[in-house]
$ cat my_file_16.cif   # mmCIF, C-alpha atoms, pLDDT in the B column; chains and numbers go by the auth columns
data_protein
loop_
_atom_site.group_PDB
_atom_site.id
_atom_site.type_symbol
_atom_site.label_atom_id
_atom_site.label_comp_id
_atom_site.label_asym_id
_atom_site.label_seq_id
_atom_site.Cartn_x
_atom_site.Cartn_y
_atom_site.Cartn_z
_atom_site.B_iso_or_equiv
_atom_site.auth_seq_id
_atom_site.auth_asym_id
ATOM 1 C CA MET A 1 -140.356 -26.466 -36.867 90.00 179 A
ATOM 2 C CA ARG A 2 -138.603 -26.834 -33.503 94.00 180 A
ATOM 3 C CA VAL A 3 -134.960 -25.691 -33.534 97.00 181 A
ATOM 4 C CA ALA A 4 -132.334 -25.985 -30.779 98.00 182 A
ATOM 5 C CA ILE A 5 -129.400 -23.548 -30.917 98.00 183 A
ATOM 6 C CA LEU A 6 -126.304 -24.169 -28.798 98.00 184 A
ATOM 7 C CA ASP A 7 -123.780 -21.385 -28.203 98.00 185 A
ATOM 8 C CA ASP A 8 -122.165 -20.240 -24.965 96.00 186 A
ATOM 9 C CA GLU A 9 -121.838 -16.622 -26.166 96.00 187 A
ATOM 10 C CA GLN A 10 -125.175 -14.925 -25.587 96.00 188 A
ATOM 11 C CA ALA A 11 -124.589 -12.258 -28.233 96.00 189 A
ATOM 12 C CA GLU A 12 -123.924 -14.944 -30.839 96.00 190 A
ATOM 13 C CA LEU A 13 -126.916 -16.956 -29.676 96.00 191 A
ATOM 14 C CA ASP A 14 -129.129 -13.888 -30.038 96.00 192 A
ATOM 15 C CA ARG A 15 -127.788 -13.182 -33.539 96.00 193 A
ATOM 16 C CA ILE A 16 -128.459 -16.734 -34.723 97.00 194 A
ATOM 17 C CA THR A 17 -131.948 -16.616 -33.256 96.00 195 A
ATOM 18 C CA LEU A 18 -132.681 -13.292 -34.934 95.00 196 A
ATOM 19 C CA THR A 19 -131.447 -14.648 -38.263 95.00 197 A
ATOM 20 C CA LEU A 20 -133.698 -17.699 -38.072 95.00 198 A
ATOM 21 C CA GLN A 21 -136.693 -15.629 -36.998 93.00 199 A
ATOM 22 C CA THR A 22 -136.588 -14.110 -40.481 89.00 200 A
ATOM 23 C CA ILE A 23 -137.270 -17.578 -41.910 88.00 201 A
ATOM 24 C CA ALA A 24 -139.952 -18.225 -39.324 83.00 202 A
ATOM 25 C CA THR A 25 -141.939 -15.133 -40.293 82.00 203 A
ATOM 26 C CA ARG A 26 -142.099 -16.332 -43.925 81.00 204 A
ATOM 27 C CA SER A 27 -142.921 -19.940 -43.136 78.00 205 A
ATOM 28 C CA GLU A 28 -146.342 -21.543 -43.371 74.00 206 A
ATOM 29 C CA VAL A 29 -145.264 -23.926 -40.588 76.00 207 A
ATOM 30 C CA PRO A 30 -144.849 -22.507 -37.047 81.00 208 A
ATOM 31 C CA TRP A 31 -141.229 -22.188 -35.907 90.00 209 A
ATOM 32 C CA SER A 32 -140.077 -22.439 -32.297 92.00 210 A
ATOM 33 C CA LEU A 33 -136.487 -21.423 -31.509 96.00 211 A
ATOM 34 C CA HIS A 34 -134.808 -22.618 -28.296 97.00 212 A
ATOM 35 C CA GLY A 35 -131.414 -21.286 -27.213 97.00 213 A
ATOM 36 C CA PHE A 36 -128.952 -23.096 -24.937 98.00 214 A
ATOM 37 C CA ASN A 37 -125.698 -21.808 -23.412 97.00 215 A
ATOM 38 C CA ARG A 38 -124.493 -25.170 -22.123 97.00 216 A
ATOM 39 C CA GLY A 39 -124.217 -28.528 -23.828 97.00 217 A
ATOM 40 C CA GLU A 40 -125.446 -30.445 -20.774 97.00 218 A
ATOM 41 C CA GLU A 41 -128.604 -28.357 -20.716 97.00 219 A
ATOM 42 C CA LEU A 42 -129.316 -29.230 -24.342 98.00 220 A
ATOM 43 C CA LEU A 43 -128.623 -32.931 -23.726 97.00 221 A
ATOM 44 C CA LYS A 44 -131.158 -32.889 -20.901 97.00 222 A
ATOM 45 C CA GLN A 45 -133.782 -31.479 -23.260 96.00 223 A
ATOM 46 C CA LEU A 46 -132.925 -33.923 -26.051 96.00 224 A
ATOM 47 C CA ARG A 47 -133.706 -36.783 -23.653 94.00 225 A
ATOM 48 C CA ARG A 48 -137.281 -35.574 -23.188 92.00 226 A
ATOM 49 C CA GLU A 49 -138.127 -33.254 -26.085 94.00 227 A
ATOM 50 C CA THR A 50 -138.309 -33.386 -29.884 95.00 228 A
ATOM 51 C CA PHE A 51 -136.361 -31.041 -32.167 96.00 229 A
ATOM 52 C CA ASP A 52 -136.408 -30.809 -35.967 95.00 230 A
ATOM 53 C CA LEU A 53 -132.950 -29.199 -36.257 97.00 231 A
ATOM 54 C CA LEU A 54 -129.847 -28.696 -34.081 98.00 232 A
ATOM 55 C CA ILE A 55 -127.428 -25.821 -34.651 98.00 233 A
ATOM 56 C CA LEU A 56 -124.310 -26.446 -32.572 98.00 234 A
ATOM 57 C CA ASP A 57 -121.259 -24.453 -31.627 97.00 235 A
ATOM 58 C CA TRP A 58 -118.243 -26.711 -31.140 96.00 236 A
ATOM 59 C CA GLN A 59 -116.365 -25.166 -28.219 95.00 237 A
ATOM 60 C CA LEU A 60 -118.299 -24.883 -24.961 95.00 238 A
ATOM 61 C CA PRO A 61 -117.164 -24.880 -21.333 93.00 239 A
ATOM 62 C CA ASP A 62 -118.897 -28.164 -20.491 96.00 240 A
ATOM 63 C CA VAL A 63 -120.133 -30.535 -23.225 96.00 241 A
ATOM 64 C CA SER A 64 -118.897 -29.679 -26.717 97.00 242 A
ATOM 65 C CA GLY A 65 -121.129 -29.394 -29.745 97.00 243 A
ATOM 66 C CA LEU A 66 -119.310 -32.334 -31.286 97.00 244 A
ATOM 67 C CA ALA A 67 -120.154 -34.437 -28.216 97.00 245 A
ATOM 68 C CA VAL A 68 -123.815 -33.422 -28.541 98.00 246 A
ATOM 69 C CA LEU A 69 -123.713 -34.431 -32.216 97.00 247 A
ATOM 70 C CA ARG A 70 -122.244 -37.826 -31.344 97.00 248 A
ATOM 71 C CA TRP A 71 -124.809 -38.355 -28.577 97.00 249 A
ATOM 72 C CA SER A 72 -127.713 -37.519 -30.878 97.00 250 A
ATOM 73 C CA ARG A 73 -126.515 -39.968 -33.517 95.00 251 A
ATOM 74 C CA LYS A 74 -126.076 -42.733 -30.935 95.00 252 A
ATOM 75 C CA HIS A 75 -129.158 -42.305 -28.750 94.00 253 A
ATOM 76 C CA LEU A 76 -131.968 -40.674 -30.731 92.00 254 A
ATOM 77 C CA GLU A 77 -134.185 -43.045 -32.697 85.00 255 A
ATOM 78 C CA LYS A 78 -134.731 -40.491 -35.466 87.00 256 A
ATOM 79 C CA HIS A 79 -131.722 -38.248 -35.992 90.00 257 A
ATOM 80 C CA PRO A 80 -132.534 -34.545 -36.349 94.00 258 A
ATOM 81 C CA PRO A 81 -130.343 -32.775 -38.918 96.00 259 A
ATOM 82 C CA VAL A 82 -127.334 -31.028 -37.370 97.00 260 A
ATOM 83 C CA ILE A 83 -125.512 -27.917 -38.554 98.00 261 A
ATOM 84 C CA MET A 84 -122.177 -27.143 -36.909 97.00 262 A
ATOM 85 C CA LEU A 85 -121.731 -23.363 -36.598 97.00 263 A
ATOM 86 C CA THR A 86 -118.272 -22.716 -35.187 95.00 264 A
ATOM 87 C CA SER A 87 -115.066 -20.717 -35.396 94.00 265 A
ATOM 88 C CA ARG A 88 -113.077 -23.949 -35.813 93.00 266 A
ATOM 89 C CA ASN A 89 -112.343 -23.848 -39.532 90.00 267 A
ATOM 90 C CA GLY A 90 -109.544 -26.348 -39.993 93.00 268 A
ATOM 91 C CA GLU A 91 -110.019 -29.006 -42.667 95.00 269 A
ATOM 92 C CA HIS A 92 -109.574 -31.740 -40.074 96.00 270 A
ATOM 93 C CA ASP A 93 -112.382 -30.266 -37.941 95.00 271 A
ATOM 94 C CA VAL A 94 -114.762 -30.027 -40.887 95.00 272 A
ATOM 95 C CA VAL A 95 -114.056 -33.596 -42.005 96.00 273 A
ATOM 96 C CA LEU A 96 -114.396 -34.927 -38.450 96.00 274 A
ATOM 97 C CA ALA A 97 -117.776 -33.288 -37.872 96.00 275 A
ATOM 98 C CA LEU A 98 -119.154 -34.416 -41.235 96.00 276 A
ATOM 99 C CA ASN A 99 -117.924 -37.963 -40.657 97.00 277 A
ATOM 100 C CA GLU A 100 -119.648 -37.940 -37.255 96.00 278 A
ATOM 101 C CA GLY A 101 -122.944 -37.157 -38.968 95.00 279 A
ATOM 102 C CA ALA A 102 -123.217 -33.365 -39.284 96.00 280 A
ATOM 103 C CA ASP A 103 -125.373 -32.312 -42.230 96.00 281 A
ATOM 104 C CA ASP A 104 -123.537 -29.018 -42.808 96.00 282 A
ATOM 105 C CA TYR A 105 -120.632 -27.038 -41.402 97.00 283 A
ATOM 106 C CA ILE A 106 -120.583 -23.231 -41.284 96.00 284 A
ATOM 107 C CA ASN A 107 -117.688 -21.089 -40.137 95.00 285 A
ATOM 108 C CA LYS A 108 -117.989 -18.062 -37.873 94.00 286 A
ATOM 109 C CA PRO A 109 -118.438 -15.212 -38.325 93.00 287 A
ATOM 110 C CA PHE A 110 -121.437 -16.317 -40.358 94.00 288 A
ATOM 111 C CA ARG A 111 -123.338 -14.338 -42.974 93.00 289 A
ATOM 112 C CA SER A 112 -127.039 -14.117 -42.171 94.00 290 A
ATOM 113 C CA GLN A 113 -128.404 -14.840 -45.633 93.00 291 A
ATOM 114 C CA GLU A 114 -126.016 -17.753 -46.102 94.00 292 A
ATOM 115 C CA LEU A 115 -127.108 -19.272 -42.784 95.00 293 A
ATOM 116 C CA GLN A 116 -130.754 -18.940 -43.783 94.00 294 A
ATOM 117 C CA ALA A 117 -130.097 -20.563 -47.154 93.00 295 A
ATOM 118 C CA ARG A 118 -128.117 -23.434 -45.648 94.00 296 A
ATOM 119 C CA VAL A 119 -130.740 -24.090 -42.973 94.00 297 A
ATOM 120 C CA LEU A 120 -133.468 -24.265 -45.600 92.00 298 A
ATOM 121 C CA ALA A 121 -131.323 -26.497 -47.828 92.00 299 A
ATOM 122 C CA VAL A 122 -130.702 -28.966 -44.978 94.00 300 A
ATOM 123 C CA LEU A 123 -134.397 -29.056 -44.075 91.00 301 A
ATOM 124 C CA ARG A 124 -135.361 -29.634 -47.709 88.00 302 A
ATOM 125 C CA ARG A 125 -132.910 -32.524 -47.991 86.00 303 A
ATOM 126 C CA GLN A 126 -134.381 -34.037 -44.846 82.00 304 A
ATOM 127 C CA GLY A 127 -137.904 -33.626 -46.173 74.00 305 A
ATOM 128 C CA SER A 128 -138.894 -31.350 -43.293 69.00 306 A
ATOM 129 C CA ILE A 129 -139.999 -28.615 -45.694 68.00 307 A
ATOM 130 C CA THR A 130 -140.829 -28.462 -49.382 60.00 308 A
ATOM 131 C CA GLN A 131 -140.354 -25.705 -51.918 52.00 309 A
ATOM 132 C CA ASN A 132 -143.887 -26.071 -53.214 51.00 310 A
ATOM 133 C CA LYS A 133 -146.806 -26.509 -50.879 53.00 311 A
ATOM 134 C CA SER A 134 -148.063 -30.065 -51.087 55.00 312 A
ATOM 135 C CA THR A 135 -151.788 -30.476 -51.718 71.00 313 A
ATOM 136 C CA SER A 136 -152.011 -34.165 -50.847 79.00 314 A
ATOM 137 C CA LEU A 137 -150.171 -36.890 -48.975 85.00 315 A
ATOM 138 C CA GLU A 138 -150.900 -40.592 -49.353 89.00 316 A
ATOM 139 C CA VAL A 139 -149.454 -43.108 -46.890 90.00 317 A
ATOM 140 C CA TYR A 140 -150.697 -46.705 -47.036 90.00 318 A
ATOM 141 C CA ASP A 141 -154.482 -46.562 -46.524 90.00 319 A
ATOM 142 C CA LEU A 142 -154.641 -42.846 -45.644 92.00 320 A
ATOM 143 C CA LEU A 143 -154.936 -39.945 -48.084 93.00 321 A
ATOM 144 C CA PHE A 144 -154.586 -36.354 -46.827 93.00 322 A
ATOM 145 C CA ASP A 145 -156.030 -33.586 -49.012 92.00 323 A
ATOM 146 C CA ASP A 146 -154.832 -30.158 -47.847 88.00 324 A
ATOM 147 C CA ALA A 147 -157.104 -28.265 -50.210 87.00 325 A
ATOM 148 C CA GLU A 148 -160.203 -29.854 -48.674 88.00 326 A
ATOM 149 C CA GLN A 149 -158.660 -30.403 -45.206 88.00 327 A
ATOM 150 C CA GLN A 150 -159.945 -33.947 -45.465 92.00 328 A
ATOM 151 C CA VAL A 151 -158.628 -37.440 -44.822 94.00 329 A
ATOM 152 C CA LYS A 152 -159.783 -40.515 -46.684 94.00 330 A
ATOM 153 C CA ARG A 153 -159.198 -44.009 -45.351 93.00 331 A
ATOM 154 C CA ASN A 154 -159.475 -46.698 -48.026 91.00 332 A
ATOM 155 C CA ASN A 155 -161.078 -44.008 -50.220 91.00 333 A
ATOM 156 C CA LEU A 156 -163.791 -43.283 -47.634 94.00 334 A
ATOM 157 C CA PRO A 157 -163.861 -39.756 -46.117 95.00 335 A
ATOM 158 C CA VAL A 158 -163.233 -39.405 -42.384 95.00 336 A
ATOM 159 C CA ASN A 159 -164.764 -36.491 -40.507 95.00 337 A
ATOM 160 C CA LEU A 160 -161.960 -34.645 -38.674 94.00 338 A
ATOM 161 C CA THR A 161 -161.785 -31.205 -37.116 94.00 339 A
ATOM 162 C CA GLU A 162 -159.144 -28.780 -38.395 93.00 340 A
ATOM 163 C CA ARG A 163 -156.879 -29.502 -35.427 93.00 341 A
ATOM 164 C CA GLU A 164 -157.379 -33.259 -35.705 95.00 342 A
ATOM 165 C CA TYR A 165 -156.444 -33.051 -39.382 95.00 343 A
ATOM 166 C CA SER A 166 -153.249 -31.100 -38.659 93.00 344 A
ATOM 167 C CA LEU A 167 -152.255 -33.405 -35.795 95.00 345 A
ATOM 168 C CA ALA A 168 -152.940 -36.525 -37.853 95.00 346 A
ATOM 169 C CA LYS A 169 -150.865 -35.243 -40.779 93.00 347 A
ATOM 170 C CA CYS A 170 -147.989 -34.412 -38.430 93.00 348 A
ATOM 171 C CA LEU A 171 -148.048 -37.938 -37.004 95.00 349 A
ATOM 172 C CA ILE A 172 -148.255 -39.570 -40.433 93.00 350 A
ATOM 173 C CA SER A 173 -145.383 -37.394 -41.709 90.00 351 A
ATOM 174 C CA ASN A 174 -143.225 -38.601 -38.806 92.00 352 A
ATOM 175 C CA ILE A 175 -143.865 -42.352 -38.828 91.00 353 A
ATOM 176 C CA ASP A 176 -141.664 -44.183 -36.294 90.00 354 A
ATOM 177 C CA ARG A 177 -140.394 -40.885 -34.874 92.00 355 A
ATOM 178 C CA PRO A 178 -141.105 -40.176 -31.181 93.00 356 A
ATOM 179 C CA LEU A 179 -142.815 -36.793 -30.786 95.00 357 A
ATOM 180 C CA SER A 180 -142.834 -35.164 -27.384 94.00 358 A
ATOM 181 C CA ARG A 181 -145.921 -33.618 -25.835 91.00 359 A
ATOM 182 C CA GLU A 182 -144.254 -30.217 -25.827 91.00 360 A
ATOM 183 C CA TYR A 183 -143.485 -30.517 -29.536 93.00 361 A
ATOM 184 C CA LEU A 184 -147.118 -31.266 -30.370 93.00 362 A
ATOM 185 C CA TYR A 185 -148.505 -28.626 -28.022 91.00 363 A
ATOM 186 C CA GLU A 186 -146.261 -25.920 -29.475 89.00 364 A
ATOM 187 C CA ARG A 187 -147.443 -26.730 -32.990 88.00 365 A
ATOM 188 C CA PHE A 188 -151.150 -27.194 -32.463 89.00 366 A
ATOM 189 C CA TRP A 189 -152.337 -25.573 -29.242 86.00 367 A
ATOM 190 C CA PRO A 190 -152.444 -21.932 -28.149 78.00 368 A
ATOM 191 C CA ARG A 191 -150.701 -21.117 -24.871 68.00 369 A
ATOM 192 C CA GLU A 192 -153.926 -20.701 -22.916 62.00 370 A
ATOM 193 C CA GLU A 193 -154.727 -24.384 -23.478 62.00 371 A
ATOM 194 C CA LEU A 194 -151.410 -25.752 -22.195 58.00 372 A
ATOM 195 C CA HIS A 195 -152.396 -26.236 -18.548 55.00 373 A
ATOM 196 C CA SER A 196 -153.527 -29.849 -18.934 58.00 374 A
ATOM 197 C CA SER A 197 -152.381 -32.872 -20.900 55.00 375 A
ATOM 198 C CA ARG A 198 -155.968 -33.993 -21.488 76.00 376 A
ATOM 199 C CA PRO A 199 -156.597 -32.027 -24.714 88.00 377 A
ATOM 200 C CA LEU A 200 -153.743 -33.855 -26.440 91.00 378 A
ATOM 201 C CA ASP A 201 -154.704 -37.220 -24.959 92.00 379 A
ATOM 202 C CA THR A 202 -158.298 -36.697 -26.085 93.00 380 A
ATOM 203 C CA HIS A 203 -157.228 -35.873 -29.637 94.00 381 A
ATOM 204 C CA ILE A 204 -154.931 -38.914 -29.773 95.00 382 A
ATOM 205 C CA TYR A 205 -157.817 -41.130 -28.626 95.00 383 A
ATOM 206 C CA ARG A 206 -160.111 -39.663 -31.286 95.00 384 A
ATOM 207 C CA LEU A 207 -157.537 -40.181 -34.045 96.00 385 A
ATOM 208 C CA ARG A 208 -156.991 -43.795 -33.014 95.00 386 A
ATOM 209 C CA THR A 209 -160.740 -44.335 -33.305 96.00 387 A
ATOM 210 C CA LYS A 210 -161.582 -42.242 -36.377 96.00 388 A
ATOM 211 C CA LEU A 211 -158.610 -43.325 -38.488 96.00 389 A
ATOM 212 C CA ALA A 212 -158.576 -46.903 -37.156 94.00 390 A
ATOM 213 C CA LEU A 213 -154.940 -46.592 -36.093 95.00 391 A
ATOM 214 C CA THR A 214 -154.932 -50.072 -34.572 93.00 392 A
ATOM 215 C CA PRO A 215 -152.690 -53.151 -34.906 93.00 393 A
ATOM 216 C CA GLU A 216 -155.317 -55.090 -36.853 93.00 394 A
ATOM 217 C CA ASN A 217 -155.148 -52.337 -39.486 92.00 395 A
ATOM 218 C CA GLY A 218 -151.342 -52.214 -39.514 92.00 396 A
ATOM 219 C CA TRP A 219 -150.916 -49.179 -37.233 94.00 397 A
ATOM 220 C CA ARG A 220 -149.847 -48.565 -33.676 94.00 398 A
ATOM 221 C CA LEU A 221 -150.227 -45.114 -32.138 95.00 399 A
ATOM 222 C CA ALA A 222 -148.082 -45.784 -29.099 93.00 400 A
ATOM 223 C CA THR A 223 -147.870 -43.779 -25.895 93.00 401 A
ATOM 224 C CA ILE A 224 -144.273 -43.240 -24.742 92.00 402 A
ATOM 225 C CA TYR A 225 -144.462 -42.858 -20.985 90.00 403 A
ATOM 226 C CA GLY A 226 -143.102 -39.541 -19.765 89.00 404 A
ATOM 227 C CA TYR A 227 -142.377 -38.361 -23.317 93.00 405 A
ATOM 228 C CA GLY A 228 -145.189 -38.352 -25.863 94.00 406 A
ATOM 229 C CA TYR A 229 -146.394 -40.455 -28.788 95.00 407 A
ATOM 230 C CA ARG A 230 -145.124 -42.401 -31.780 95.00 408 A
ATOM 231 C CA LEU A 231 -147.078 -43.619 -34.795 95.00 409 A
ATOM 232 C CA GLU A 232 -145.735 -46.926 -36.120 94.00 410 A
ATOM 233 C CA ARG A 233 -146.474 -49.034 -39.172 90.00 411 A
ATOM 234 C CA ILE A 234 -146.573 -52.708 -38.179 87.00 412 A
ATOM 235 C CA ALA A 235 -147.615 -56.049 -39.637 78.00 413 A
ATOM 236 C CA SER A 236 -151.380 -56.431 -39.556 67.00 414 A
ATOM 237 C CA GLU A 237 -152.672 -58.871 -36.974 58.00 415 A
#

$ encode --input "my_file_16.cif" --output "structure tokens"
Amino acid sequence: MRVAILDDEQAELDRITLTLQTIATRSEVPWSLHGFNRGEELLKQLRRETFDLLILDWQLPDVSGLAVLRWSRKHLEKHPPVIMLTSRNGEHDVVLALNEGADDYINKPFRSQELQARVLAVLRRQGSITQNKSTSLEVYDLLFDDAEQQVKRNNLPVNLTEREYSLAKCLISNIDRPLSREYLYERFWPREELHSSRPLDTHIYRLRTKLALTPENGWRLATIYGYGYRLERIASE
């Protein structure tokens, strides 16, 4: 779970981060929290990185949180959920942000447990997390069995390593969503293996081959130059 937090007050940014770290320690999915003091800095990262959730302050000295929200809804192919966390508490502000696409609106000063609950509620609505651990996932011709850590294609088992299984399930759970290299590395590779792009490229090549993720089978595992990868479902050739 990759989360971007935007707030120009460092003390507030630290408090939000600390609050979300409590969720991260209880989660079965790795969490990565990224703080930003300036809206332009976050926009730069959104152009080249993948985030699962944005938590945005409204009032900043450069680009406002509302402007970041509008940009994300206009330019990102798959919209990450957005929570506005701000001291602007007028009804007009709340309505404006929600109409622009915000998934929730929380007033400052926030209560830690309420923020945690609202974050989890937004992620559940988006399907990013589930209350009960799923044991299987079936998408078209692929069946993922978490209990056995096994994939079946057209009911035939495919031999995957543990990392290949996790990477494949991440891709299949994010069909048509661009996923940056950094996003995938943070989830599936330890830091000591981050010096080269080849481990990821090698795994992508193996998954294309092992799972037959090819156009003739209705799949395209596309390379996005300078960004990462996207798994697409297409008409079979």

$ closest_residue --input "my_file_16.cif" --among "A:Ala413, A:Leu391, A:Ala280, A:Val273" --to "A:Arg251" --atoms "only C-alpha atoms"
A:Ala280

$ atom_distance --input "my_file_16.cif" --atom1 "atom CA of A:Leu220" --atom2 "atom CA of A:Leu196"
19.4 Å

$ closest_residue --input "my_file_16.cif" --among "A:Ile412, A:Glu326, A:Thr313, A:Gly305" --to "A:Asp354" --atoms "only C-alpha atoms"
A:Ile412

$ resolve_selection --input "my_file_16.cif" --expression "the PyMOL selection byres ((chain A and resi 342) around 12)" --output "PyMOL selection string"
chain A and resi 322+327-329+336-341+343-349+362+366-367+377-389

$ closest_residue --input "my_file_16.cif" --among "A:Lys252, A:Arg296, A:Arg355, A:Arg226" --to "A:Leu198" --atoms "all atoms listed in the file"
A:Arg296

$ resolve_selection --input "my_file_16.cif" --expression "the PyMOL selection byres ((chain A and resi 267) around 12)" --output "PyMOL selection string"
chain A and resi 235-236+262-266+268-275+283-288

$ write_last_selection --input "my_file_16.cif" --atoms "C-alpha atoms" --output "mmCIF file, in the coordinates of the input"
data_model
loop_
_atom_site.group_PDB
_atom_site.id
_atom_site.type_symbol
_atom_site.label_atom_id
_atom_site.label_comp_id
_atom_site.auth_asym_id
_atom_site.auth_seq_id
_atom_site.Cartn_x
_atom_site.Cartn_y
_atom_site.Cartn_z
ATOM 1 C CA ASP A 235 -121.259 -24.453 -31.627
ATOM 2 C CA TRP A 236 -118.243 -26.711 -31.140
ATOM 3 C CA MET A 262 -122.177 -27.143 -36.909
ATOM 4 C CA LEU A 263 -121.731 -23.363 -36.598
ATOM 5 C CA THR A 264 -118.272 -22.716 -35.187
ATOM 6 C CA SER A 265 -115.066 -20.717 -35.396
ATOM 7 C CA ARG A 266 -113.077 -23.949 -35.813
ATOM 8 C CA GLY A 268 -109.544 -26.348 -39.993
ATOM 9 C CA GLU A 269 -110.019 -29.006 -42.667
ATOM 10 C CA HIS A 270 -109.574 -31.740 -40.074
ATOM 11 C CA ASP A 271 -112.382 -30.266 -37.941
ATOM 12 C CA VAL A 272 -114.762 -30.027 -40.887
ATOM 13 C CA VAL A 273 -114.056 -33.596 -42.005
ATOM 14 C CA LEU A 274 -114.396 -34.927 -38.450
ATOM 15 C CA ALA A 275 -117.776 -33.288 -37.872
ATOM 16 C CA TYR A 283 -120.632 -27.038 -41.402
ATOM 17 C CA ILE A 284 -120.583 -23.231 -41.284
ATOM 18 C CA ASN A 285 -117.688 -21.089 -40.137
ATOM 19 C CA LYS A 286 -117.989 -18.062 -37.873
ATOM 20 C CA PRO A 287 -118.438 -15.212 -38.325
ATOM 21 C CA PHE A 288 -121.437 -16.317 -40.358
#

$ residues_around --input "my_file_16.cif" --residues "A:Glu316" --least-positions-apart "3" --cutoff "10 Å" --atoms "only C-alpha atoms" --output "MDAnalysis selection string"
chainID A and resid 319:323 329:331 350:351

$ atom_distance --input "my_file_16.cif" --atom1 "atom CA of A:Phe214" --atom2 "atom CA of A:Arg365"
20.5 Å

$ closest_residue --input "my_file_16.cif" --among "A:Ala390, A:Ala189, A:Leu298, A:Leu315" --to "A:Arg204" --atoms "all atoms listed in the file"
A:Leu298

$ closest_residue --input "my_file_16.cif" --among "A:Val317, A:Leu224, A:Leu184, A:Ile194" --to "A:Val241" --atoms "only C-alpha atoms"
A:Leu184

$ atom_distance --input "my_file_16.cif" --atom1 "atom CA of A:Ser250" --atom2 "atom CA of A:Glu219"
13.7 Å
